[in-house]
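Data block for protein17.csv (CSV, C-alpha atoms):
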chain,number,residue,atom,x,y,z
M,29,MET,CA,0.0,0.0,0.0
M,30,GLY,CA,1.1,3.5,-0.7
M,31,ALA,CA,1.2,6.4,1.8
M,32,PRO,CA,-2.3,7.4,3.2
M,33,ALA,CA,-4.1,10.3,1.7
M,34,PRO,CA,-3.3,13.6,3.5
M,35,VAL,CA,-5.8,15.0,5.9
M,36,PRO,CA,-7.8,17.3,3.7
M,37,GLY,CA,-9.2,20.7,4.3
M,38,ASP,CA,-8.5,24.0,6.0
M,39,ALA,CA,-6.4,24.0,9.2
M,40,GLY,CA,-9.0,26.0,11.0
M,41,ALA,CA,-11.9,23.8,10.1
M,42,PRO,CA,-14.2,22.9,13.0
M,43,ALA,CA,-14.6,19.4,14.3
M,44,ARG,CA,-17.8,18.6,12.4
M,45,THR,CA,-16.3,19.8,9.1
M,46,THR,CA,-13.0,17.9,9.8
M,47,TRP,CA,-15.0,14.7,10.5
M,48,ALA,CA,-17.0,15.1,7.2
M,49,GLU,CA,-13.7,15.6,5.3
M,50,LEU,CA,-12.1,12.5,6.9
M,51,GLY,CA,-15.2,10.4,6.0
M,52,ALA,CA,-15.2,11.7,2.4
M,53,ALA,CA,-11.5,10.8,2.0
M,54,ASP,CA,-12.2,7.3,3.6
M,55,ARG,CA,-9.7,8.1,6.4
M,56,ILE,CA,-12.2,7.0,9.1
M,57,ARG,CA,-12.5,3.4,7.8
M,58,ALA,CA,-8.7,3.3,7.2
M,59,ALA,CA,-8.2,3.6,11.0
M,60,TYR,CA,-9.5,0.1,11.4
M,61,ARG,CA,-8.2,-3.3,10.5
M,62,ASP,CA,-9.5,-4.2,7.1
M,63,GLY,CA,-11.6,-1.0,7.3
M,64,ARG,CA,-14.0,-2.6,9.8
M,65,PRO,CA,-14.3,-1.1,13.2
M,66,GLU,CA,-15.7,-4.4,14.7
M,67,ARG,CA,-12.2,-5.8,14.0
M,68,GLY,CA,-10.5,-3.1,16.1
M,69,VAL,CA,-8.2,-0.2,15.3
M,70,ALA,CA,-5.1,-0.5,13.1
M,71,VAL,CA,-2.5,1.0,15.5
M,72,GLU,CA,-0.1,2.5,13.0
M,73,ALA,CA,-2.9,3.9,10.8
M,74,LEU,CA,-4.7,5.5,13.8
M,75,GLY,CA,-1.4,6.9,15.1
M,76,GLU,CA,-0.6,8.4,11.7
M,77,LEU,CA,-4.1,10.0,11.5
M,78,LEU,CA,-3.9,11.5,15.0
M,79,THR,CA,-0.4,12.8,14.3
M,80,GLU,CA,-1.6,14.5,11.1
M,81,LEU,CA,-4.6,16.0,12.9
M,82,ASP,CA,-2.5,17.2,15.8
M,83,ALA,CA,-0.1,18.9,13.4
M,84,ASP,CA,-2.6,21.4,12.0
M,85,ARG,CA,-5.9,21.2,13.9
M,86,PRO,CA,-6.9,22.6,17.4
M,87,ALA,CA,-6.8,20.2,20.3
M,88,GLY,CA,-10.6,20.2,20.5
M,89,VAL,CA,-10.9,19.0,16.9
M,90,VAL,CA,-8.5,16.1,17.6
M,91,LEU,CA,-10.4,15.2,20.7
M,92,SER,CA,-13.7,15.2,18.9
M,93,SER,CA,-12.3,12.7,16.3
M,94,CYS,CA,-10.4,10.6,18.8
M,95,VAL,CA,-13.4,9.7,20.9
M,96,GLN,CA,-15.4,8.6,17.9
M,97,LEU,CA,-12.6,6.7,16.3
M,98,ALA,CA,-11.5,4.8,19.4
M,99,THR,CA,-14.7,4.2,21.3
M,100,ALA,CA,-18.0,5.3,19.8
M,101,LEU,CA,-17.7,3.7,16.3
M,102,PRO,CA,-16.2,0.4,17.5
M,103,LEU,CA,-18.9,0.1,20.2
M,104,LEU,CA,-21.6,0.7,17.6
M,105,ALA,CA,-20.0,-1.8,15.3
M,106,GLU,CA,-20.1,-4.5,18.0
M,107,THR,CA,-23.7,-3.8,19.1
M,108,VAL,CA,-25.7,-2.5,16.2
M,109,PRO,CA,-23.6,-3.2,13.0
M,110,ARG,CA,-26.4,-2.3,10.6
M,111,HIS,CA,-27.6,0.9,12.3
M,112,GLU,CA,-27.6,4.1,10.3
M,113,ALA,CA,-25.6,5.8,13.1
M,114,LEU,CA,-22.6,3.6,12.4
M,115,HIS,CA,-22.8,3.8,8.6
M,116,ASP,CA,-23.2,7.6,8.7
M,117,GLY,CA,-20.5,7.9,11.3
M,118,LEU,CA,-18.0,6.0,9.2
M,119,ALA,CA,-18.9,8.2,6.2
M,120,GLY,CA,-18.4,11.3,8.2
M,121,ARG,CA,-22.1,12.3,7.8
M,122,ALA,CA,-22.9,11.9,11.5
M,123,VAL,CA,-21.2,12.8,14.8
M,124,ILE,CA,-21.6,10.5,17.7
M,125,ALA,CA,-21.2,11.5,21.4
M,126,LEU,CA,-20.2,9.0,24.0
M,127,ALA,CA,-22.3,10.1,27.0
M,128,ALA,CA,-20.9,8.1,29.9
M,129,THR,CA,-19.8,10.5,32.7
M,130,ASP,CA,-22.7,11.5,34.9
M,131,SER,CA,-23.6,14.5,37.0
M,132,GLY,CA,-21.7,14.4,40.2
M,133,SER,CA,-20.2,10.9,39.7
M,134,GLY,CA,-17.1,11.9,37.7
M,135,SER,CA,-15.0,8.9,36.8
M,136,ASP,CA,-17.0,6.6,39.2
M,137,LEU,CA,-19.5,5.3,36.6
M,138,THR,CA,-21.0,2.9,39.2
M,139,GLY,CA,-22.3,6.0,41.0
M,140,ALA,CA,-24.1,7.3,37.8
M,141,GLN,CA,-27.7,8.4,38.4
M,142,THR,CA,-29.0,8.6,34.8
M,143,THR,CA,-31.7,6.0,34.6
M,144,VAL,CA,-33.4,4.0,31.9
M,145,ARG,CA,-36.8,2.4,32.6
M,146,ARG,CA,-38.5,-0.1,30.2
M,147,ASP,CA,-42.2,0.4,29.6
M,148,GLY,CA,-43.5,-2.2,27.2
M,149,SER,CA,-42.1,-1.5,23.7
M,150,GLU,CA,-40.5,1.8,24.9
M,151,ALA,CA,-38.0,3.0,27.4
M,152,GLU,CA,-37.6,6.3,29.3
M,153,ILE,CA,-34.3,8.0,30.1
M,154,ASN,CA,-33.8,10.6,32.8
M,155,GLY,CA,-30.6,12.3,34.0
M,156,THR,CA,-27.7,14.5,33.2
M,157,LYS,CA,-24.4,13.7,31.5
M,158,ARG,CA,-21.6,16.2,32.0
M,159,TRP,CA,-18.5,17.1,30.2
M,160,ILE,CA,-19.4,15.1,27.1
M,161,THR,CA,-17.2,15.6,24.0
M,162,ASN,CA,-19.3,16.3,20.8
M,163,ALA,CA,-22.4,17.0,22.9
M,164,THR,CA,-23.2,20.2,21.1
M,165,THR,CA,-22.6,18.8,17.6
M,166,ALA,CA,-23.8,15.3,17.9
M,167,ASP,CA,-26.4,13.6,15.8
M,168,TRP,CA,-26.5,10.6,18.0
M,169,LEU,CA,-25.8,10.1,21.7
M,170,LEU,CA,-24.5,6.8,23.2
M,171,VAL,CA,-25.9,7.1,26.7
M,172,LEU,CA,-24.8,4.9,29.6
M,173,ALA,CA,-27.8,4.6,31.9
M,174,ARG,CA,-28.7,2.7,35.1
M,175,ARG,CA,-31.3,0.0,34.7
M,176,ARG,CA,-31.6,-0.8,38.4
M,177,ALA,CA,-30.3,0.5,41.7
M,178,GLY,CA,-27.0,-0.5,43.2
M,179,PRO,CA,-23.3,-0.4,42.2
M,180,HIS,CA,-23.1,-3.8,40.6
M,181,PHE,CA,-21.5,-3.7,37.1
M,182,THR,CA,-24.5,-5.5,35.5
M,183,ASN,CA,-26.8,-2.6,36.5
M,184,PHE,CA,-26.2,-0.5,33.4
M,185,ASP,CA,-27.2,-0.4,29.7
M,186,TRP,CA,-26.3,1.5,26.6
M,187,VAL,CA,-29.0,3.5,25.0
M,188,LEU,CA,-28.6,5.0,21.5
M,189,VAL,CA,-30.6,8.2,21.3
M,190,ALA,CA,-31.0,10.6,18.4
M,191,ALA,CA,-29.9,14.0,19.5
M,192,ASP,CA,-33.1,15.7,18.3
M,193,THR,CA,-35.4,13.4,20.4
M,194,PRO,CA,-37.9,15.3,22.5
M,195,GLY,CA,-36.6,15.8,26.0
M,196,VAL,CA,-32.9,16.0,25.0
M,197,ARG,CA,-31.3,19.4,25.9
M,198,VAL,CA,-27.7,20.2,25.4
M,199,GLU,CA,-25.8,22.9,27.3
M,200,PRO,CA,-22.3,24.0,26.2
M,201,ALA,CA,-19.7,23.6,28.9
M,202,ASP,CA,-18.4,26.8,30.5
M,203,THR,CA,-14.8,26.7,29.1
M,204,ASP,CA,-12.8,28.4,26.4
M,205,LEU,CA,-10.4,25.4,26.1
M,206,PHE,CA,-10.7,22.6,23.5
M,207,THR,CA,-12.3,24.8,20.8
M,208,GLY,CA,-14.2,22.6,18.4
M,209,SER,CA,-14.7,19.7,20.7
M,210,GLY,CA,-18.4,20.4,21.2
M,211,VAL,CA,-18.0,19.6,24.9
M,212,GLY,CA,-21.1,20.1,26.9
M,213,HIS,CA,-23.7,18.8,29.3
M,214,VAL,CA,-26.6,16.6,28.1
M,215,HIS,CA,-29.9,16.8,30.0
M,216,LEU,CA,-32.3,13.9,29.4
M,217,ASP,CA,-35.8,14.7,30.7
M,218,GLY,CA,-38.4,12.0,30.1
M,219,VAL,CA,-36.8,11.0,26.8
M,220,ARG,CA,-38.8,8.2,25.2
M,221,VAL,CA,-37.2,5.8,22.8
M,222,GLY,CA,-38.1,2.4,21.4
M,223,SER,CA,-36.9,-0.6,23.4
M,224,ASP,CA,-34.6,-1.4,20.4
M,225,ALA,CA,-32.6,1.7,21.3
M,226,LEU,CA,-31.2,-0.3,24.3
M,227,ILE,CA,-28.2,-1.9,22.6
M,228,GLY,CA,-25.5,-4.4,23.5
M,229,GLY,CA,-27.6,-6.6,25.7
M,230,SER,CA,-29.2,-6.1,29.1
M,231,GLY,CA,-26.7,-5.4,31.8
M,232,ARG,CA,-23.7,-5.2,29.5
M,233,GLY,CA,-23.2,-1.4,29.7
M,234,LEU,CA,-20.2,-1.3,31.9
M,235,PRO,CA,-18.4,-4.4,30.5
M,236,LEU,CA,-18.7,-3.0,27.0
M,237,PHE,CA,-17.5,0.4,28.3
M,238,LEU,CA,-14.4,-1.2,29.9
M,239,ARG,CA,-13.7,-3.2,26.8
M,240,HIS,CA,-13.7,-0.1,24.6
M,241,ILE,CA,-12.2,2.4,27.0
M,242,ALA,CA,-9.0,0.4,26.7
M,243,VAL,CA,-8.7,1.4,23.1
M,244,GLU,CA,-9.6,5.0,23.9
M,245,ARG,CA,-6.6,5.0,26.3
M,246,LEU,CA,-4.4,3.6,23.6
M,247,ALA,CA,-5.6,6.4,21.2
M,248,GLY,CA,-4.8,8.9,24.0
M,249,GLY,CA,-1.3,7.5,24.2
M,250,LEU,CA,-0.8,7.7,20.4
M,251,TRP,CA,-2.1,11.3,20.5
M,252,ALA,CA,0.1,12.1,23.5
M,253,THR,CA,3.2,11.0,21.7
M,254,ALA,CA,2.2,13.2,18.7
M,255,VAL,CA,1.8,16.2,21.0
M,256,CYS,CA,5.2,15.6,22.6
M,257,ARG,CA,7.0,15.3,19.3
M,258,ARG,CA,5.3,18.4,17.9
M,259,VAL,CA,6.0,20.5,21.0
M,260,LEU,CA,9.6,19.4,21.3
M,261,SER,CA,10.3,20.0,17.6
M,262,THR,CA,8.8,23.5,17.6
M,263,THR,CA,10.5,24.4,20.9
M,264,ARG,CA,13.9,23.3,19.6
M,265,ARG,CA,13.5,25.3,16.4
M,266,TRP,CA,12.5,28.4,18.5
M,267,LEU,CA,15.5,28.0,20.8
M,268,VAL,CA,18.0,27.4,18.0
M,269,GLY,CA,16.7,30.6,16.4
M,270,ARG,CA,17.8,32.4,19.5
M,271,GLU,CA,21.3,30.9,19.7
M,272,PRO,CA,22.4,32.2,23.1
M,273,LEU,CA,19.4,30.4,24.7
M,274,TRP,CA,20.2,27.1,23.0
M,275,GLU,CA,23.8,27.2,24.0
M,276,ARG,CA,23.0,27.5,27.7
M,277,GLU,CA,23.7,24.3,29.6
M,278,GLY,CA,20.6,24.6,31.8
M,279,VAL,CA,18.3,25.1,28.8
M,280,ARG,CA,19.7,22.1,26.9
M,281,LEU,CA,19.5,20.0,30.1
M,282,ASP,CA,15.8,20.8,30.6
M,283,TYR,CA,15.1,20.1,27.0
M,284,ALA,CA,17.0,16.8,27.1
M,285,ARG,CA,15.0,15.6,30.1
M,286,ALA,CA,11.7,16.3,28.3
M,287,LEU,CA,13.0,14.6,25.2
M,288,VAL,CA,13.9,11.4,27.2
M,289,ARG,CA,10.4,11.3,28.8
M,290,ALA,CA,8.8,11.7,25.4
M,291,ARG,CA,10.9,8.9,23.9
M,292,GLN,CA,10.0,6.6,26.8
M,293,LEU,CA,6.3,7.2,26.2
M,294,ASP,CA,6.7,6.6,22.5
M,295,ALA,CA,8.5,3.3,23.2
M,296,LEU,CA,5.9,2.2,25.7
M,297,VAL,CA,3.0,2.9,23.4
M,298,GLY,CA,4.8,1.1,20.5
M,299,SER,CA,5.4,-2.0,22.6
M,300,LEU,CA,1.9,-2.3,24.0
M,301,GLY,CA,-0.2,-1.0,21.1
M,302,ARG,CA,-1.1,-4.3,19.5
M,303,ARG,CA,-2.0,-6.0,22.8
M,304,ILE,CA,-4.5,-3.3,23.6
M,305,ALA,CA,-5.9,-3.0,20.1
M,306,GLU,CA,-6.3,-6.7,19.5
M,307,ARG,CA,-6.9,-8.1,23.0
M,308,HIS,CA,-8.3,-5.1,24.9
M,309,ASP,CA,-5.6,-5.6,27.6
M,310,GLN,CA,-6.8,-3.5,30.5
M,311,ALA,CA,-3.6,-3.5,32.4
M,312,ALA,CA,-1.6,-2.5,29.4
M,313,ALA,CA,-4.1,0.3,28.6
M,314,ALA,CA,-3.9,1.6,32.2
M,315,LEU,CA,-0.1,1.7,31.9
M,316,VAL,CA,-0.3,3.7,28.7
M,317,LYS,CA,-2.9,6.0,30.2
M,318,ALA,CA,-1.0,6.7,33.3
M,319,SER,CA,2.3,7.3,31.4
M,320,ALA,CA,0.6,9.6,28.9
M,321,GLY,CA,-1.1,11.6,31.6
M,322,THR,CA,2.1,12.4,33.4
M,323,THR,CA,4.4,12.7,30.4
M,324,VAL,CA,2.5,15.2,28.3
M,325,GLU,CA,2.1,17.5,31.2
M,326,GLU,CA,5.8,17.3,32.0
M,327,VAL,CA,7.0,17.8,28.4
M,328,VAL,CA,4.6,20.7,27.6
M,329,ALA,CA,5.3,22.4,30.9
M,330,ALA,CA,9.1,22.1,30.4
M,331,CYS,CA,8.8,23.5,26.9
M,332,ALA,CA,6.4,26.3,27.9
M,333,HIS,CA,8.9,27.3,30.6
M,334,LEU,CA,11.7,27.5,28.0
M,335,TYR,CA,9.6,30.0,26.0
M,336,GLY,CA,9.5,32.4,28.9
M,337,ALA,CA,7.0,35.2,28.5
M,338,GLU,CA,6.4,34.2,24.9
M,339,GLY,CA,4.6,31.1,26.2
M,340,PHE,CA,1.7,33.3,27.4
M,341,THR,CA,0.6,34.5,23.9
M,342,SER,CA,-3.0,33.6,22.9
M,343,ALA,CA,-1.8,30.5,21.0
M,344,GLY,CA,1.3,30.0,23.2
M,345,LEU,CA,2.4,26.9,25.0
M,346,GLN,CA,1.0,27.9,28.3
M,347,ARG,CA,-2.5,27.6,26.9
M,348,GLN,CA,-1.5,24.2,25.4
M,349,ARG,CA,-0.2,23.3,28.8
M,350,ALA,CA,-3.7,23.8,30.3
M,351,GLU,CA,-5.2,21.6,27.6
M,352,ALA,CA,-2.5,19.0,28.1
M,353,ALA,CA,-4.0,18.3,31.6
M,354,LEU,CA,-6.8,16.5,29.6
M,355,PHE,CA,-4.5,13.5,29.2
M,356,GLY,CA,-4.4,13.0,33.0
M,357,ILE,CA,-8.2,13.2,33.3
M,358,ALA,CA,-10.1,12.0,30.3
M,359,GLY,CA,-10.6,8.2,30.2
M,360,GLY,CA,-10.0,8.0,34.0
M,361,PRO,CA,-7.8,10.3,36.1
M,362,THR,CA,-4.2,9.1,36.4
M,363,GLU,CA,-4.6,8.4,40.1
M,364,VAL,CA,-7.5,6.0,39.4
M,365,VAL,CA,-5.7,4.0,36.7
M,366,LEU,CA,-2.6,3.8,38.9

Kindly return the structure encoded in the file as structure tokens.
Amino acid sequence: MGAPAPVPGDAGAPARTTWAELGAADRIRAAYRDGRPERGVAVEALGELLTELDADRPAGVVLSSCVQLATALPLLAETVPRHEALHDGLAGRAVIALAATDSGSGSDLTGAQTTVRRDGSEAEINGTKRWITNATTADWLLVLARRRAGPHFTNFDWVLVAADTPGVRVEPADTDLFTGSGVGHVHLDGVRVGSDALIGGSGRGLPLFLRHIAVERLAGGLWATAVCRRVLSTTRRWLVGREPLWEREGVRLDYARALVRARQLDALVGSLGRRIAERHDQAAAALVKASAGTTVEEVVAACAHLYGAEGFTSAGLQRQRAEAALFGIAGGPTEVVL
């Protein structure tokens, strides 16, 4: 096979436009083995795509694509392979939001209070999902909901809900970070759906989530290595252009430490990628997640410091440093996975 087609479009394109362009160029399917999301991600292809997106798109746009590529589409392919949400998502015609985290429960999904109640041939959903990527741009919502009381892992189901269903209200999150990610809060008030909207089997909500969150953590590791490479490369060019800075021993030492950390992460992701993609190895995924969460923050912080006051410009590394904290939170805080 030849080199993949370049990521098309304008560098400033918002997430929905970027997703449509990727679909039209068949780059979404190319991220999976044999072009089939039910077979899992193709590690090298996914890494190349995330690297290309990170190179010229805002972090929010990369985040929007990452969640769909790594989690939402594979979960749909496993549970409802003939559904229009999957086919339109693969073609870039539909955006899918993974609505798992709940109001007040944070990363403790067993404490989620969003409920789904069967009523004959229908089901009703009530609750609030917070800090959901793609919430404000989604055509479909994959909602993790409680089917009965208690923390047991069989007490949850997945519900596939069209975003324009009566009772669904989306509120943009109060943040100016991650532009283009569509992050927001989803309010579900008496939302009625057909019982066929409950997908994946009764009580399999959390097992399915754990299976696919492993691949999302791998994708986060692949993206994290791309961020580190990009930041280190641009920082070195900036320092070399100011030769007195680059020649200072302390500056080169700080840079070298950051470079070593980035290379360690790259090696770790490379050695564990296939195990996670093909076997959904939870321990390996947790290791990648914990390493990415600490490494990106260290590398970006070190490089931002080397920029001095220049790091505080509107598009400077100090802003990217704030966004880099995402790697230590999304997909489970570092402390939790450790």

Neighbourhood query: residues within 12 Å of (-12.1, 15.7, 19.2), file coordinates, counting all atoms listed in the file; return as a PDB file with C-alpha atoms, in the frame of the given file.
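Output (selection_6.pdb):
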ATOM      1  CA  PRO M  42     -14.200  22.900  13.000  1.00  0.00           C
ATOM      2  CA  ALA M  43     -14.600  19.400  14.300  1.00  0.00           C
ATOM      3  CA  ARG M  44     -17.800  18.600  12.400  1.00  0.00           C
ATOM      4  CA  THR M  45     -16.300  19.800   9.100  1.00  0.00           C
ATOM      5  CA  THR M  46     -13.000  17.900   9.800  1.00  0.00           C
ATOM      6  CA  TRP M  47     -15.000  14.700  10.500  1.00  0.00           C
ATOM      7  CA  LEU M  78      -3.900  11.500  15.000  1.00  0.00           C
ATOM      8  CA  LEU M  81      -4.600  16.000  12.900  1.00  0.00           C
ATOM      9  CA  ASP M  82      -2.500  17.200  15.800  1.00  0.00           C
ATOM     10  CA  ARG M  85      -5.900  21.200  13.900  1.00  0.00           C
ATOM     11  CA  PRO M  86      -6.900  22.600  17.400  1.00  0.00           C
ATOM     12  CA  ALA M  87      -6.800  20.200  20.300  1.00  0.00           C
ATOM     13  CA  GLY M  88     -10.600  20.200  20.500  1.00  0.00           C
ATOM     14  CA  VAL M  89     -10.900  19.000  16.900  1.00  0.00           C
ATOM     15  CA  VAL M  90      -8.500  16.100  17.600  1.00  0.00           C
ATOM     16  CA  LEU M  91     -10.400  15.200  20.700  1.00  0.00           C
ATOM     17  CA  SER M  92     -13.700  15.200  18.900  1.00  0.00           C
ATOM     18  CA  SER M  93     -12.300  12.700  16.300  1.00  0.00           C
ATOM     19  CA  CYS M  94     -10.400  10.600  18.800  1.00  0.00           C
ATOM     20  CA  VAL M  95     -13.400   9.700  20.900  1.00  0.00           C
ATOM     21  CA  GLN M  96     -15.400   8.600  17.900  1.00  0.00           C
ATOM     22  CA  LEU M  97     -12.600   6.700  16.300  1.00  0.00           C
ATOM     23  CA  ALA M  98     -11.500   4.800  19.400  1.00  0.00           C
ATOM     24  CA  THR M  99     -14.700   4.200  21.300  1.00  0.00           C
ATOM     25  CA  ALA M 100     -18.000   5.300  19.800  1.00  0.00           C
ATOM     26  CA  VAL M 123     -21.200  12.800  14.800  1.00  0.00           C
ATOM     27  CA  ILE M 124     -21.600  10.500  17.700  1.00  0.00           C
ATOM     28  CA  ALA M 125     -21.200  11.500  21.400  1.00  0.00           C
ATOM     29  CA  LEU M 126     -20.200   9.000  24.000  1.00  0.00           C
ATOM     30  CA  ILE M 160     -19.400  15.100  27.100  1.00  0.00           C
ATOM     31  CA  THR M 161     -17.200  15.600  24.000  1.00  0.00           C
ATOM     32  CA  ASN M 162     -19.300  16.300  20.800  1.00  0.00           C
ATOM     33  CA  ALA M 163     -22.400  17.000  22.900  1.00  0.00           C
ATOM     34  CA  THR M 165     -22.600  18.800  17.600  1.00  0.00           C
ATOM     35  CA  ALA M 166     -23.800  15.300  17.900  1.00  0.00           C
ATOM     36  CA  PHE M 206     -10.700  22.600  23.500  1.00  0.00           C
ATOM     37  CA  THR M 207     -12.300  24.800  20.800  1.00  0.00           C
ATOM     38  CA  GLY M 208     -14.200  22.600  18.400  1.00  0.00           C
ATOM     39  CA  SER M 209     -14.700  19.700  20.700  1.00  0.00           C
ATOM     40  CA  GLY M 210     -18.400  20.400  21.200  1.00  0.00           C
ATOM     41  CA  VAL M 211     -18.000  19.600  24.900  1.00  0.00           C
ATOM     42  CA  GLU M 244      -9.600   5.000  23.900  1.00  0.00           C
ATOM     43  CA  ALA M 247      -5.600   6.400  21.200  1.00  0.00           C
ATOM     44  CA  GLY M 248      -4.800   8.900  24.000  1.00  0.00           C
ATOM     45  CA  TRP M 251      -2.100  11.300  20.500  1.00  0.00           C
ATOM     46  CA  LEU M 354      -6.800  16.500  29.600  1.00  0.00           C
ATOM     47  CA  ALA M 358     -10.100  12.000  30.300  1.00  0.00           C
TER      48      ALA M 358
END

*Selected residue, from M:Glu49, M:Asp62, M:Asp147, M:Glu72, that lies nearest to M:Gly298 when counting only C-alpha atoms*: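 That would be M:Glu72, the residue with the smallest distance to M:Gly298.
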
*If you count only C-alpha atoms, which residues fall within 12 Å of M:Val187, apart from same-chain ones fewer than 5 positions away, as number ranges by chain?*
M: 103-104, 107-108, 125-128, 142-146, 150-154, 168-175, 216, 219-233

Take the residues that were just selected and, keeping C-alpha atoms, output them as a compact mmCIF listing (two decimals), in the coordinates of the input.
# COMPACT_ATOMS: atom_id res chain seq x y z
CA LEU M 103 -18.90 0.10 20.20
CA LEU M 104 -21.60 0.70 17.60
CA THR M 107 -23.70 -3.80 19.10
CA VAL M 108 -25.70 -2.50 16.20
CA ALA M 125 -21.20 11.50 21.40
CA LEU M 126 -20.20 9.00 24.00
CA ALA M 127 -22.30 10.10 27.00
CA ALA M 128 -20.90 8.10 29.90
CA THR M 142 -29.00 8.60 34.80
CA THR M 143 -31.70 6.00 34.60
CA VAL M 144 -33.40 4.00 31.90
CA ARG M 145 -36.80 2.40 32.60
CA ARG M 146 -38.50 -0.10 30.20
CA GLU M 150 -40.50 1.80 24.90
CA ALA M 151 -38.00 3.00 27.40
CA GLU M 152 -37.60 6.30 29.30
CA ILE M 153 -34.30 8.00 30.10
CA ASN M 154 -33.80 10.60 32.80
CA TRP M 168 -26.50 10.60 18.00
CA LEU M 169 -25.80 10.10 21.70
CA LEU M 170 -24.50 6.80 23.20
CA VAL M 171 -25.90 7.10 26.70
CA LEU M 172 -24.80 4.90 29.60
CA ALA M 173 -27.80 4.60 31.90
CA ARG M 174 -28.70 2.70 35.10
CA ARG M 175 -31.30 0.00 34.70
CA LEU M 216 -32.30 13.90 29.40
CA VAL M 219 -36.80 11.00 26.80
CA ARG M 220 -38.80 8.20 25.20
CA VAL M 221 -37.20 5.80 22.80
CA GLY M 222 -38.10 2.40 21.40
CA SER M 223 -36.90 -0.60 23.40
CA ASP M 224 -34.60 -1.40 20.40
CA ALA M 225 -32.60 1.70 21.30
CA LEU M 226 -31.20 -0.30 24.30
CA ILE M 227 -28.20 -1.90 22.60
CA GLY M 228 -25.50 -4.40 23.50
CA GLY M 229 -27.60 -6.60 25.70
CA SER M 230 -29.20 -6.10 29.10
CA GLY M 231 -26.70 -5.40 31.80
CA ARG M 232 -23.70 -5.20 29.50
CA GLY M 233 -23.20 -1.40 29.70

*Please identify all polymer residues within 7 Å of M:Asp130, counting only C-alpha atoms, omitting same-chain residues fewer than 6 positions from it, and present them as a PyMOL selection string.*
chain M and resi 140-142+156-158

Select from stretch 281-347 of chain M every residue with an atom at most 7 Å from any atom of stretch 256-269 of chain M, then for each give the shortest pair of atoms and their distance in Å to one decimal, using all atoms listed in the file, rows by chain and rising number, as a tab-separated table.
residue	atom	partner	partner_atom	distance
M:Ala290	CA	M:Cys256	CA	6.0
M:Val324	CA	M:Cys256	CA	6.3
M:Val327	CA	M:Cys256	CA	6.5
M:Val328	CA	M:Val259	CA	6.7
M:Cys331	CA	M:Thr263	CA	6.3
